[in-house]
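Peer 1: This structure is in structure tokens; I'll ask about it shortly.
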Amino acid sequence: MKKFRTIFSIITIVLIAAFFVVFINYGKNSAVYETIFNENWTQDIVVTDSMPDSAGLSKTISIPEDGKYRISVDVVADAYSFIHGIVIKDKDGNALTSMTAGSMTGWSEEFDLKAGTCTVEFDYLANGDGFRDFAKQYYTFSNDQQLEQAVKNADFETMEKNAIDKVEYMVEAEKVGDALPEVKRNTFILLLVITVLMTFTVLAAGMPDAEEPETDLKRRLGGTGVRYALFFVAVFGFQILFSLGADILKPGYVDDHMVAFQLLATFLSVDVVGFPVIYLASRKIQVKKIEEHGIGAKWLLYLLLSFGIMIPGAVIGAAFQLLLSGSSTSPLSGILFSSSVIPRILVVGIGAPIFEELIFRKLLCDRLYKYGEFVCVLLSGLMFGLFHGNLSQFFYATGLGMLFAFVYLRTGRIRYTIALHMTVNLASSVITAGLMNAIMDENGQVITDSPMVPVFGLWMLLYAGMGFVGLVTLIILFAKKKLALVSRPGEPGRIETIKAMLTSPEMWMFYAGCIGIFVYSYSGI
């Protein structure tokens, strides 16, 4: 039976890989781009006494019908004698976007355009006054302070006063189309079939073995891997099929309501679908009751430690995010900064802490406690971090998961960790994100004269202060062994525990699923 469980675990991992290959491939090819305009040219611009020989140039693009179009622009200058002010305008002359750059490559953006024309204008800005006029006309900066800083950064004084600037230009426009309906349907059917097969192979990998009782840690971890692999299939199978199915039934709806749809899909997949699956799969598994204790004022200490883990963890995650994707922005930022406050509070601030604590602390630790605190804390943190599916959140989620598991083991009361989780989420995802939204304009620029700027500054000072004090406190408590885990006679050793975690084929079904989410997060879709 052990051999068959291993075989079915391997088959499940292969199916998980196939699932993400199909979905990522669909995502990369779900939009069809038809080129309607493409022009490359080189222009010699004569600059005399810091003045270009013309004010600029423009290209007019014919837009055949209403729809979504992607405009791409490249500008490469061989000298630094002026700055380009670039504006994209619709048929009525309204500016859709604007930017300033000496040279730039790889820029593109999608716009909803009406049939008629679209214009790409290049203004030559050779001095601070011209830069200011352009910026004020097209609202490139939200206030004079930012504008003057940009003028200073442009460093017009160091520009070549007399030069023949050879500039290479590229302007391209593409009609953005949707994938063919039959491609969507076929992808949906294929993913559905793979999801059903994964469900069967996960269950097959969990068939009991009478000769291998669950007194063995590796066998218990095998059962844990099966249950949480089933949970993974339920959550992400539903999430992806739900999104794709909605796009089939109502094309364009998901793209037009992306943020609200992401919140809804998260709520339904984890809270409504995933939790019942993991609860039903776990309810008959033997548990060792954790002794209950009150926590009192220590809850505030654990809250401080939570910030001491989360803030440094977020910094480390942002560094890895920047290394892999070229941006330190978290994949979660779209939800945090674009969603309405009430849905964000309900889903991120309240719903996620409740269900995630039940799933990754109570249901998990209750069934592993008899094998020791070490496996509970380490596995709870690792699985929680992996489940987030991106490096931006992985480090602090893993650390917080370990701390919350420790608190649960010391108190036996899940309400304490739910309260910690809620407070951390509300502070970071609701209060911080809400204040940032309040001081930013639609271009992402800080509105320095906003009355909320001092409030945001004070909050961030408090936030950073709690992170610093929390981290120092955490280090001191570790040094004094105040957070030491208790080992009982007969429990597996720590090396044995780690080895069991890494060599369990069933646990690798869950690990593989989470790795698939990481790959998807950085696939560029």
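For the structure tokens, the naming scheme is as follows: chains receive sequential letters (A, B, ...) according to their order of presentation, residues are indexed from 1 within each chain, and ligands are indexed from 1 in presentation order.
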Hey, what's within 7 Å of Ser392 in chain A if we count only C-alpha atoms and toss same-chain stuff fewer than 5 positions away? As a list in words, please?
Peer 2: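 My list of contacting residues is Ala314, Gly317, Ala318, Gln321 and Ser330 of chain A.
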Peer 1: Between A:Lys289, A:Arg488, A:Lys59, A:Arg132, which has the minimum distance to Leu147 in chain A (counting only C-alpha atoms)?
Peer 2: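 Of all the options, A:Arg132 lies closest to Leu147 in chain A.
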Peer 1: From a DSSP calculation on the backbone, collect every residue of range 112-267 of chain A in helix (DSSP H, G or I) and output the set as a PDB file with N, CA and C atoms, in the first residue's frame.
Peer 2:
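Once everything was written out, this is out-v2.pdb:
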```pdb
ATOM      1  N   GLY A 128      13.728  74.380 -18.081  1.00  0.00           N
ATOM      2  CA  GLY A 128      12.808  74.204 -16.970  1.00  0.00           C
ATOM      3  C   GLY A 128      11.438  74.789 -17.224  1.00  0.00           C
ATOM      4  N   ASP A 129      11.387  75.947 -17.906  1.00  0.00           N
ATOM      5  CA  ASP A 129      10.087  76.569 -18.166  1.00  0.00           C
ATOM      6  C   ASP A 129       9.222  75.694 -19.078  1.00  0.00           C
ATOM      7  N   GLY A 130       9.846  75.139 -20.131  1.00  0.00           N
ATOM      8  CA  GLY A 130       9.089  74.260 -21.018  1.00  0.00           C
ATOM      9  C   GLY A 130       8.607  73.004 -20.291  1.00  0.00           C
ATOM     10  N   PHE A 131       9.449  72.482 -19.411  1.00  0.00           N
ATOM     11  CA  PHE A 131       9.079  71.308 -18.621  1.00  0.00           C
ATOM     12  C   PHE A 131       7.890  71.637 -17.715  1.00  0.00           C
ATOM     13  N   ARG A 132       7.937  72.812 -17.082  1.00  0.00           N
ATOM     14  CA  ARG A 132       6.850  73.213 -16.181  1.00  0.00           C
ATOM     15  C   ARG A 132       5.547  73.391 -16.952  1.00  0.00           C
ATOM     16  N   ASP A 133       5.622  74.037 -18.107  1.00  0.00           N
ATOM     17  CA  ASP A 133       4.403  74.265 -18.901  1.00  0.00           C
ATOM     18  C   ASP A 133       3.764  72.929 -19.301  1.00  0.00           C
ATOM     19  N   PHE A 134       4.601  72.003 -19.735  1.00  0.00           N
ATOM     20  CA  PHE A 134       4.077  70.685 -20.134  1.00  0.00           C
ATOM     21  C   PHE A 134       3.430  69.978 -18.940  1.00  0.00           C
ATOM     22  N   ALA A 135       4.139  69.985 -17.813  1.00  0.00           N
ATOM     23  CA  ALA A 135       3.644  69.278 -16.631  1.00  0.00           C
ATOM     24  C   ALA A 135       2.326  69.864 -16.141  1.00  0.00           C
ATOM     25  N   LYS A 136       2.230  71.189 -16.140  1.00  0.00           N
ATOM     26  CA  LYS A 136       0.998  71.816 -15.655  1.00  0.00           C
ATOM     27  C   LYS A 136      -0.163  71.590 -16.612  1.00  0.00           C
ATOM     28  N   GLN A 137       0.131  71.554 -17.903  1.00  0.00           N
ATOM     29  CA  GLN A 137      -0.930  71.343 -18.887  1.00  0.00           C
ATOM     30  C   GLN A 137      -1.502  69.933 -18.806  1.00  0.00           C
ATOM     31  N   TYR A 138      -0.641  68.965 -18.555  1.00  0.00           N
ATOM     32  CA  TYR A 138      -1.095  67.575 -18.565  1.00  0.00           C
ATOM     33  C   TYR A 138      -1.109  66.932 -17.173  1.00  0.00           C
ATOM     34  N   ASP A 144       3.336  71.617  -6.834  1.00  0.00           N
ATOM     35  CA  ASP A 144       4.513  72.362  -7.293  1.00  0.00           C
ATOM     36  C   ASP A 144       5.808  71.812  -6.694  1.00  0.00           C
ATOM     37  N   GLN A 145       5.732  71.315  -5.484  1.00  0.00           N
ATOM     38  CA  GLN A 145       6.941  70.790  -4.848  1.00  0.00           C
ATOM     39  C   GLN A 145       7.502  69.610  -5.645  1.00  0.00           C
ATOM     40  N   GLN A 146       6.625  68.704  -6.035  1.00  0.00           N
ATOM     41  CA  GLN A 146       7.069  67.564  -6.833  1.00  0.00           C
ATOM     42  C   GLN A 146       7.558  68.008  -8.207  1.00  0.00           C
ATOM     43  N   LEU A 147       6.878  68.992  -8.784  1.00  0.00           N
ATOM     44  CA  LEU A 147       7.274  69.502 -10.096  1.00  0.00           C
ATOM     45  C   LEU A 147       8.682  70.099 -10.041  1.00  0.00           C
ATOM     46  N   GLU A 148       8.942  70.917  -9.039  1.00  0.00           N
ATOM     47  CA  GLU A 148      10.260  71.558  -8.935  1.00  0.00           C
ATOM     48  C   GLU A 148      11.362  70.521  -8.679  1.00  0.00           C
ATOM     49  N   GLN A 149      11.029  69.482  -7.944  1.00  0.00           N
ATOM     50  CA  GLN A 149      12.006  68.433  -7.713  1.00  0.00           C
ATOM     51  C   GLN A 149      12.319  67.710  -9.025  1.00  0.00           C
ATOM     52  N   ALA A 150      11.270  67.500  -9.846  1.00  0.00           N
ATOM     53  CA  ALA A 150      11.472  66.852 -11.142  1.00  0.00           C
ATOM     54  C   ALA A 150      12.316  67.722 -12.064  1.00  0.00           C
ATOM     55  N   VAL A 151      12.104  69.048 -12.030  1.00  0.00           N
ATOM     56  CA  VAL A 151      12.914  69.973 -12.836  1.00  0.00           C
ATOM     57  C   VAL A 151      14.374  69.894 -12.401  1.00  0.00           C
ATOM     58  N   LYS A 152      14.580  69.839 -11.101  1.00  0.00           N
ATOM     59  CA  LYS A 152      15.949  69.738 -10.572  1.00  0.00           C
ATOM     60  C   LYS A 152      16.601  68.425 -11.009  1.00  0.00           C
ATOM     61  N   ASN A 153      15.826  67.335 -10.928  1.00  0.00           N
ATOM     62  CA  ASN A 153      16.365  66.022 -11.314  1.00  0.00           C
ATOM     63  C   ASN A 153      16.694  65.954 -12.802  1.00  0.00           C
ATOM     64  N   ALA A 154      15.931  66.713 -13.616  1.00  0.00           N
ATOM     65  CA  ALA A 154      16.186  66.713 -15.063  1.00  0.00           C
ATOM     66  C   ALA A 154      17.553  67.312 -15.388  1.00  0.00           C
ATOM     67  N   PHE A 156      18.764  70.343 -16.368  1.00  0.00           N
ATOM     68  CA  PHE A 156      18.857  70.991 -17.680  1.00  0.00           C
ATOM     69  C   PHE A 156      20.212  71.688 -17.887  1.00  0.00           C
ATOM     70  N   GLU A 157      20.847  72.097 -16.780  1.00  0.00           N
ATOM     71  CA  GLU A 157      22.117  72.827 -16.899  1.00  0.00           C
ATOM     72  C   GLU A 157      23.221  71.969 -17.520  1.00  0.00           C
ATOM     73  N   THR A 158      23.126  70.660 -17.355  1.00  0.00           N
ATOM     74  CA  THR A 158      24.196  69.785 -17.875  1.00  0.00           C
ATOM     75  C   THR A 158      23.907  69.291 -19.289  1.00  0.00           C
ATOM     76  N   PRO A 181     -14.009  31.889 -28.200  1.00  0.00           N
ATOM     77  CA  PRO A 181     -14.872  31.212 -27.224  1.00  0.00           C
ATOM     78  C   PRO A 181     -14.569  29.723 -27.090  1.00  0.00           C
ATOM     79  N   GLU A 182     -14.256  29.070 -28.224  1.00  0.00           N
ATOM     80  CA  GLU A 182     -13.990  27.626 -28.136  1.00  0.00           C
ATOM     81  C   GLU A 182     -12.692  27.344 -27.385  1.00  0.00           C
ATOM     82  N   VAL A 183     -11.711  28.274 -27.475  1.00  0.00           N
ATOM     83  CA  VAL A 183     -10.470  28.106 -26.718  1.00  0.00           C
ATOM     84  C   VAL A 183     -10.756  28.195 -25.224  1.00  0.00           C
ATOM     85  N   LYS A 184     -11.594  29.143 -24.828  1.00  0.00           N
ATOM     86  CA  LYS A 184     -11.984  29.278 -23.424  1.00  0.00           C
ATOM     87  C   LYS A 184     -12.703  28.025 -22.936  1.00  0.00           C
ATOM     88  N   ARG A 185     -13.668  27.578 -23.736  1.00  0.00           N
ATOM     89  CA  ARG A 185     -14.439  26.395 -23.326  1.00  0.00           C
ATOM     90  C   ARG A 185     -13.546  25.171 -23.219  1.00  0.00           C
ATOM     91  N   ASN A 186     -12.681  24.967 -24.197  1.00  0.00           N
ATOM     92  CA  ASN A 186     -11.794  23.801 -24.170  1.00  0.00           C
ATOM     93  C   ASN A 186     -10.831  23.857 -22.980  1.00  0.00           C
ATOM     94  N   THR A 187     -10.328  25.073 -22.684  1.00  0.00           N
ATOM     95  CA  THR A 187      -9.442  25.222 -21.527  1.00  0.00           C
ATOM     96  C   THR A 187     -10.191  24.925 -20.240  1.00  0.00           C
ATOM     97  N   PHE A 188     -11.401  25.430 -20.141  1.00  0.00           N
ATOM     98  CA  PHE A 188     -12.221  25.188 -18.947  1.00  0.00           C
ATOM     99  C   PHE A 188     -12.461  23.692 -18.756  1.00  0.00           C
ATOM    100  N   ILE A 189     -12.833  23.015 -19.823  1.00  0.00           N
ATOM    101  CA  ILE A 189     -13.108  21.572 -19.741  1.00  0.00           C
ATOM    102  C   ILE A 189     -11.852  20.807 -19.352  1.00  0.00           C
ATOM    103  N   LEU A 190     -10.709  21.178 -19.960  1.00  0.00           N
ATOM    104  CA  LEU A 190      -9.453  20.493 -19.655  1.00  0.00           C
ATOM    105  C   LEU A 190      -9.061  20.702 -18.196  1.00  0.00           C
ATOM    106  N   LEU A 191      -9.181  21.922 -17.692  1.00  0.00           N
ATOM    107  CA  LEU A 191      -8.847  22.197 -16.295  1.00  0.00           C
ATOM    108  C   LEU A 191      -9.807  21.488 -15.348  1.00  0.00           C
ATOM    109  N   LEU A 192     -11.072  21.414 -15.735  1.00  0.00           N
ATOM    110  CA  LEU A 192     -12.055  20.698 -14.914  1.00  0.00           C
ATOM    111  C   LEU A 192     -11.714  19.215 -14.831  1.00  0.00           C
ATOM    112  N   VAL A 193     -11.354  18.626 -15.954  1.00  0.00           N
ATOM    113  CA  VAL A 193     -10.981  17.206 -15.979  1.00  0.00           C
ATOM    114  C   VAL A 193      -9.744  16.965 -15.107  1.00  0.00           C
ATOM    115  N   ILE A 194      -8.745  17.849 -15.235  1.00  0.00           N
ATOM    116  CA  ILE A 194      -7.528  17.700 -14.431  1.00  0.00           C
ATOM    117  C   ILE A 194      -7.858  17.841 -12.938  1.00  0.00           C
ATOM    118  N   THR A 195      -8.743  18.777 -12.601  1.00  0.00           N
ATOM    119  CA  THR A 195      -9.137  18.967 -11.202  1.00  0.00           C
ATOM    120  C   THR A 195      -9.812  17.716 -10.647  1.00  0.00           C
ATOM    121  N   VAL A 196     -10.710  17.123 -11.421  1.00  0.00           N
ATOM    122  CA  VAL A 196     -11.387  15.890 -10.990  1.00  0.00           C
ATOM    123  C   VAL A 196     -10.369  14.762 -10.812  1.00  0.00           C
ATOM    124  N   LEU A 197      -9.449  14.637 -11.772  1.00  0.00           N
ATOM    125  CA  LEU A 197      -8.421  13.594 -11.671  1.00  0.00           C
ATOM    126  C   LEU A 197      -7.536  13.821 -10.449  1.00  0.00           C
ATOM    127  N   MET A 198      -7.177  15.086 -10.184  1.00  0.00           N
ATOM    128  CA  MET A 198      -6.367  15.390  -9.001  1.00  0.00           C
ATOM    129  C   MET A 198      -7.095  14.982  -7.730  1.00  0.00           C
ATOM    130  N   THR A 199      -8.387  15.234  -7.691  1.00  0.00           N
ATOM    131  CA  THR A 199      -9.171  14.865  -6.505  1.00  0.00           C
ATOM    132  C   THR A 199      -9.107  13.363  -6.265  1.00  0.00           C
ATOM    133  N   PHE A 200      -9.270  12.582  -7.322  1.00  0.00           N
ATOM    134  CA  PHE A 200      -9.232  11.121  -7.188  1.00  0.00           C
ATOM    135  C   PHE A 200      -7.846  10.628  -6.791  1.00  0.00           C
ATOM    136  N   THR A 201      -6.795  11.195  -7.399  1.00  0.00           N
ATOM    137  CA  THR A 201      -5.441  10.719  -7.087  1.00  0.00           C
ATOM    138  C   THR A 201      -5.021  11.123  -5.674  1.00  0.00           C
ATOM    139  N   VAL A 202      -5.469  12.292  -5.212  1.00  0.00           N
ATOM    140  CA  VAL A 202      -5.181  12.695  -3.832  1.00  0.00           C
ATOM    141  C   VAL A 202      -5.852  11.732  -2.862  1.00  0.00           C
ATOM    142  N   LEU A 203      -7.119  11.422  -3.119  1.00  0.00           N
ATOM    143  CA  LEU A 203      -7.836  10.487  -2.248  1.00  0.00           C
ATOM    144  C   LEU A 203      -7.205   9.102  -2.298  1.00  0.00           C
ATOM    145  N   ALA A 204      -6.756   8.697  -3.481  1.00  0.00           N
ATOM    146  CA  ALA A 204      -6.107   7.388  -3.616  1.00  0.00           C
ATOM    147  C   ALA A 204      -4.795   7.356  -2.828  1.00  0.00           C
ATOM    148  N   ALA A 205      -4.077   8.489  -2.826  1.00  0.00           N
ATOM    149  CA  ALA A 205      -2.820   8.555  -2.076  1.00  0.00           C
ATOM    150  C   ALA A 205      -3.062   8.486  -0.574  1.00  0.00           C
ATOM    151  N   LEU A 217       5.285   9.294  12.771  1.00  0.00           N
ATOM    152  CA  LEU A 217       5.168  10.694  12.364  1.00  0.00           C
ATOM    153  C   LEU A 217       5.042  10.830  10.860  1.00  0.00           C
ATOM    154  N   LYS A 218       5.856  10.106  10.124  1.00  0.00           N
ATOM    155  CA  LYS A 218       5.828  10.256   8.674  1.00  0.00           C
ATOM    156  C   LYS A 218       4.468   9.858   8.106  1.00  0.00           C
ATOM    157  N   ARG A 219       3.855   8.826   8.708  1.00  0.00           N
ATOM    158  CA  ARG A 219       2.520   8.425   8.236  1.00  0.00           C
ATOM    159  C   ARG A 219       1.483   9.492   8.558  1.00  0.00           C
ATOM    160  N   ARG A 220       1.602  10.076   9.770  1.00  0.00           N
ATOM    161  CA  ARG A 220       0.660  11.146  10.109  1.00  0.00           C
ATOM    162  C   ARG A 220       0.859  12.350   9.195  1.00  0.00           C
ATOM    163  N   LEU A 221       2.118  12.644   8.870  1.00  0.00           N
ATOM    164  CA  LEU A 221       2.365  13.723   7.920  1.00  0.00           C
ATOM    165  C   LEU A 221       1.821  13.367   6.544  1.00  0.00           C
ATOM    166  N   GLY A 222       1.866  12.086   6.198  1.00  0.00           N
ATOM    167  CA  GLY A 222       1.271  11.653   4.932  1.00  0.00           C
ATOM    168  C   GLY A 222      -0.210  11.958   4.896  1.00  0.00           C
ATOM    169  N   GLY A 223      -0.906  11.647   6.000  1.00  0.00           N
ATOM    170  CA  GLY A 223      -2.330  11.984   6.077  1.00  0.00           C
ATOM    171  C   GLY A 223      -2.559  13.478   6.021  1.00  0.00           C
ATOM    172  N   THR A 224      -1.677  14.232   6.674  1.00  0.00           N
ATOM    173  CA  THR A 224      -1.774  15.699   6.635  1.00  0.00           C
ATOM    174  C   THR A 224      -1.599  16.209   5.209  1.00  0.00           C
ATOM    175  N   GLY A 225      -0.625  15.653   4.515  1.00  0.00           N
ATOM    176  CA  GLY A 225      -0.397  16.048   3.126  1.00  0.00           C
ATOM    177  C   GLY A 225      -1.593  15.775   2.246  1.00  0.00           C
ATOM    178  N   VAL A 226      -2.239  14.622   2.456  1.00  0.00           N
ATOM    179  CA  VAL A 226      -3.428  14.276   1.672  1.00  0.00           C
ATOM    180  C   VAL A 226      -4.549  15.276   1.930  1.00  0.00           C
ATOM    181  N   ARG A 227      -4.806  15.562   3.208  1.00  0.00           N
ATOM    182  CA  ARG A 227      -5.913  16.470   3.547  1.00  0.00           C
ATOM    183  C   ARG A 227      -5.676  17.878   2.992  1.00  0.00           C
ATOM    184  N   TYR A 228      -4.448  18.359   3.138  1.00  0.00           N
ATOM    185  CA  TYR A 228      -4.176  19.728   2.683  1.00  0.00           C
ATOM    186  C   TYR A 228      -3.972  19.804   1.171  1.00  0.00           C
ATOM    187  N   ALA A 229      -3.588  18.709   0.545  1.00  0.00           N
ATOM    188  CA  ALA A 229      -3.587  18.670  -0.925  1.00  0.00           C
ATOM    189  C   ALA A 229      -5.014  18.733  -1.441  1.00  0.00           C
ATOM    190  N   LEU A 230      -5.911  18.033  -0.751  1.00  0.00           N
ATOM    191  CA  LEU A 230      -7.333  18.084  -1.120  1.00  0.00           C
ATOM    192  C   LEU A 230      -7.877  19.495  -0.944  1.00  0.00           C
ATOM    193  N   PHE A 231      -7.468  20.126   0.140  1.00  0.00           N
ATOM    194  CA  PHE A 231      -7.845  21.521   0.395  1.00  0.00           C
ATOM    195  C   PHE A 231      -7.323  22.419  -0.724  1.00  0.00           C
ATOM    196  N   PHE A 232      -6.062  22.225  -1.112  1.00  0.00           N
ATOM    197  CA  PHE A 232      -5.474  23.017  -2.197  1.00  0.00           C
ATOM    198  C   PHE A 232      -6.267  22.853  -3.498  1.00  0.00           C
ATOM    199  N   VAL A 233      -6.577  21.602  -3.854  1.00  0.00           N
ATOM    200  CA  VAL A 233      -7.322  21.340  -5.089  1.00  0.00           C
ATOM    201  C   VAL A 233      -8.685  22.035  -5.036  1.00  0.00           C
ATOM    202  N   ALA A 234      -9.343  21.963  -3.879  1.00  0.00           N
ATOM    203  CA  ALA A 234     -10.656  22.591  -3.740  1.00  0.00           C
ATOM    204  C   ALA A 234     -10.563  24.102  -3.896  1.00  0.00           C
ATOM    205  N   VAL A 235      -9.578  24.707  -3.238  1.00  0.00           N
ATOM    206  CA  VAL A 235      -9.469  26.174  -3.241  1.00  0.00           C
ATOM    207  C   VAL A 235      -9.065  26.704  -4.610  1.00  0.00           C
ATOM    208  N   PHE A 236      -7.950  26.221  -5.136  1.00  0.00           N
ATOM    209  CA  PHE A 236      -7.443  26.812  -6.371  1.00  0.00           C
ATOM    210  C   PHE A 236      -8.124  26.237  -7.609  1.00  0.00           C
ATOM    211  N   GLY A 237      -8.578  24.993  -7.522  1.00  0.00           N
ATOM    212  CA  GLY A 237      -9.388  24.471  -8.620  1.00  0.00           C
ATOM    213  C   GLY A 237     -10.649  25.291  -8.777  1.00  0.00           C
ATOM    214  N   PHE A 238     -11.337  25.549  -7.641  1.00  0.00           N
ATOM    215  CA  PHE A 238     -12.562  26.362  -7.688  1.00  0.00           C
ATOM    216  C   PHE A 238     -12.259  27.776  -8.142  1.00  0.00           C
ATOM    217  N   GLN A 239     -11.199  28.377  -7.573  1.00  0.00           N
ATOM    218  CA  GLN A 239     -10.889  29.778  -7.878  1.00  0.00           C
ATOM    219  C   GLN A 239     -10.645  29.996  -9.370  1.00  0.00           C
ATOM    220  N   ILE A 240      -9.863  29.117  -9.964  1.00  0.00           N
ATOM    221  CA  ILE A 240      -9.522  29.276 -11.379  1.00  0.00           C
ATOM    222  C   ILE A 240     -10.697  28.928 -12.274  1.00  0.00           C
ATOM    223  N   LEU A 241     -11.392  27.850 -11.955  1.00  0.00           N
ATOM    224  CA  LEU A 241     -12.550  27.465 -12.766  1.00  0.00           C
ATOM    225  C   LEU A 241     -13.673  28.493 -12.638  1.00  0.00           C
ATOM    226  N   PHE A 242     -13.840  29.048 -11.449  1.00  0.00           N
ATOM    227  CA  PHE A 242     -14.855  30.079 -11.230  1.00  0.00           C
ATOM    228  C   PHE A 242     -14.555  31.312 -12.078  1.00  0.00           C
ATOM    229  N   SER A 243     -13.292  31.742 -12.087  1.00  0.00           N
ATOM    230  CA  SER A 243     -12.914  32.924 -12.868  1.00  0.00           C
ATOM    231  C   SER A 243     -13.070  32.682 -14.359  1.00  0.00           C
ATOM    232  N   LEU A 244     -12.596  31.517 -14.819  1.00  0.00           N
ATOM    233  CA  LEU A 244     -12.679  31.200 -16.246  1.00  0.00           C
ATOM    234  C   LEU A 244     -14.127  31.000 -16.671  1.00  0.00           C
ATOM    235  N   GLY A 245     -14.915  30.342 -15.811  1.00  0.00           N
ATOM    236  CA  GLY A 245     -16.334  30.134 -16.129  1.00  0.00           C
ATOM    237  C   GLY A 245     -17.088  31.444 -16.232  1.00  0.00           C
ATOM    238  N   ALA A 246     -16.788  32.384 -15.325  1.00  0.00           N
ATOM    239  CA  ALA A 246     -17.439  33.693 -15.371  1.00  0.00           C
ATOM    240  C   ALA A 246     -17.081  34.431 -16.646  1.00  0.00           C
ATOM    241  N   ASP A 247     -15.825  34.297 -17.090  1.00  0.00           N
ATOM    242  CA  ASP A 247     -15.384  34.957 -18.319  1.00  0.00           C
ATOM    243  C   ASP A 247     -16.049  34.348 -19.548  1.00  0.00           C
ATOM    244  N   ILE A 248     -16.334  33.049 -19.488  1.00  0.00           N
ATOM    245  CA  ILE A 248     -17.034  32.394 -20.604  1.00  0.00           C
ATOM    246  C   ILE A 248     -18.483  32.858 -20.668  1.00  0.00           C
ATOM    247  N   LEU A 249     -19.137  32.905 -19.500  1.00  0.00           N
ATOM    248  CA  LEU A 249     -20.557  33.282 -19.465  1.00  0.00           C
ATOM    249  C   LEU A 249     -20.769  34.756 -19.768  1.00  0.00           C
ATOM    250  N   TYR A 253     -16.335  40.660 -18.208  1.00  0.00           N
ATOM    251  CA  TYR A 253     -16.817  41.064 -16.886  1.00  0.00           C
ATOM    252  C   TYR A 253     -15.716  40.974 -15.837  1.00  0.00           C
ATOM    253  N   VAL A 254     -14.965  39.884 -15.858  1.00  0.00           N
ATOM    254  CA  VAL A 254     -13.906  39.698 -14.861  1.00  0.00           C
ATOM    255  C   VAL A 254     -12.853  40.790 -14.991  1.00  0.00           C
ATOM    256  N   ASP A 255     -12.427  41.108 -16.228  1.00  0.00           N
ATOM    257  CA  ASP A 255     -11.420  42.159 -16.431  1.00  0.00           C
ATOM    258  C   ASP A 255     -11.929  43.522 -15.981  1.00  0.00           C
ATOM    259  N   ASP A 256     -13.216  43.784 -16.229  1.00  0.00           N
ATOM    260  CA  ASP A 256     -13.786  45.091 -15.883  1.00  0.00           C
ATOM    261  C   ASP A 256     -14.022  45.242 -14.385  1.00  0.00           C
ATOM    262  N   MET A 258     -12.086  43.426 -11.914  1.00  0.00           N
ATOM    263  CA  MET A 258     -11.044  42.507 -11.454  1.00  0.00           C
ATOM    264  C   MET A 258     -10.880  42.492  -9.942  1.00  0.00           C
ATOM    265  N   VAL A 259     -10.780  43.654  -9.323  1.00  0.00           N
ATOM    266  CA  VAL A 259     -10.499  43.715  -7.888  1.00  0.00           C
ATOM    267  C   VAL A 259     -11.650  43.132  -7.080  1.00  0.00           C
ATOM    268  N   ALA A 260     -12.886  43.555  -7.395  1.00  0.00           N
ATOM    269  CA  ALA A 260     -14.053  43.028  -6.683  1.00  0.00           C
ATOM    270  C   ALA A 260     -14.185  41.525  -6.912  1.00  0.00           C
ATOM    271  N   PHE A 261     -13.873  41.080  -8.124  1.00  0.00           N
ATOM    272  CA  PHE A 261     -13.976  39.659  -8.436  1.00  0.00           C
ATOM    273  C   PHE A 261     -12.916  38.856  -7.669  1.00  0.00           C
ATOM    274  N   GLN A 262     -11.709  39.403  -7.525  1.00  0.00           N
ATOM    275  CA  GLN A 262     -10.661  38.720  -6.770  1.00  0.00           C
ATOM    276  C   GLN A 262     -11.057  38.536  -5.308  1.00  0.00           C
ATOM    277  N   LEU A 263     -11.657  39.576  -4.724  1.00  0.00           N
ATOM    278  CA  LEU A 263     -12.120  39.466  -3.341  1.00  0.00           C
ATOM    279  C   LEU A 263     -13.213  38.411  -3.217  1.00  0.00           C
ATOM    280  N   LEU A 264     -14.150  38.419  -4.160  1.00  0.00           N
ATOM    281  CA  LEU A 264     -15.238  37.438  -4.129  1.00  0.00           C
ATOM    282  C   LEU A 264     -14.703  36.020  -4.305  1.00  0.00           C
ATOM    283  N   ALA A 265     -13.789  35.840  -5.263  1.00  0.00           N
ATOM    284  CA  ALA A 265     -13.228  34.509  -5.519  1.00  0.00           C
ATOM    285  C   ALA A 265     -12.439  34.010  -4.315  1.00  0.00           C
ATOM    286  N   THR A 266     -11.704  34.917  -3.651  1.00  0.00           N
ATOM    287  CA  THR A 266     -10.951  34.539  -2.456  1.00  0.00           C
ATOM    288  C   THR A 266     -11.891  34.096  -1.348  1.00  0.00           C
ATOM    289  N   PHE A 267     -12.931  34.869  -1.117  1.00  0.00           N
ATOM    290  CA  PHE A 267     -13.906  34.535  -0.073  1.00  0.00           C
ATOM    291  C   PHE A 267     -14.586  33.191  -0.351  1.00  0.00           C
TER     292      PHE A 267
END
```
Peer 1: Considering only C-alpha atoms, state which residue in the set A:Met509, A:Cys118, A:Ile24, A:Glu39 is at the smallest distance from Ile7 in chain A.
Peer 2: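 That would be A:Met509, the residue with the smallest distance to Ile7 in chain A.
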Peer 1: Using only C-alpha atoms, find the one residue out of A:Thr432, A:Ser340, A:Ser282, A:Thr423 that sits nearest to Ile359 in chain A.
Peer 2: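 Of all the options, A:Ser282 lies closest to Ile359 in chain A.
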Peer 1: Considering only C-alpha atoms, can you say which of A:Thr398, A:Ser269, A:Thr105, A:Thr35 comes closest to Phe355 in chain A?
Peer 2: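 For Phe355 in chain A, the nearest of the given residues is A:Ser269.
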Peer 1: Near Leu305 in chain A, within 10 Å and counting only C-alpha atoms, which residues show up once chain neighbours fewer than 4 positions away are dropped, as a PyMOL selection string?
Peer 2: chain A and resi 299-301+309-310+400+403+466-475+477
Peer 1: Report as CSV: every residue of range 346-395 of chain A with an atom at most 12 Å from range 489-507 of chain A, its closest pair of atoms, and their distance in Å to one decimal, counting only C-alpha atoms, with rows sorted by chain and ascending residue number.
Peer 2:
```
residue,atom,partner,partner_atom,distance
A:Leu368,CA,A:Glu491,CA,11.1
A:Tyr369,CA,A:Glu491,CA,10.0
A:Lys370,CA,A:Glu491,CA,7.8
A:Tyr371,CA,A:Glu491,CA,5.5
A:Gly372,CA,A:Glu491,CA,5.9
A:Glu373,CA,A:Glu491,CA,9.3
A:Phe374,CA,A:Arg494,CA,7.0
A:Val375,CA,A:Thr497,CA,6.4
A:Cys376,CA,A:Thr497,CA,10.2
A:Val377,CA,A:Thr497,CA,11.5
A:Leu378,CA,A:Ile498,CA,8.8
A:Leu379,CA,A:Met501,CA,7.9
A:Ser380,CA,A:Met501,CA,11.6
A:Leu382,CA,A:Met501,CA,10.4
A:Met383,CA,A:Met507,CA,9.9
```
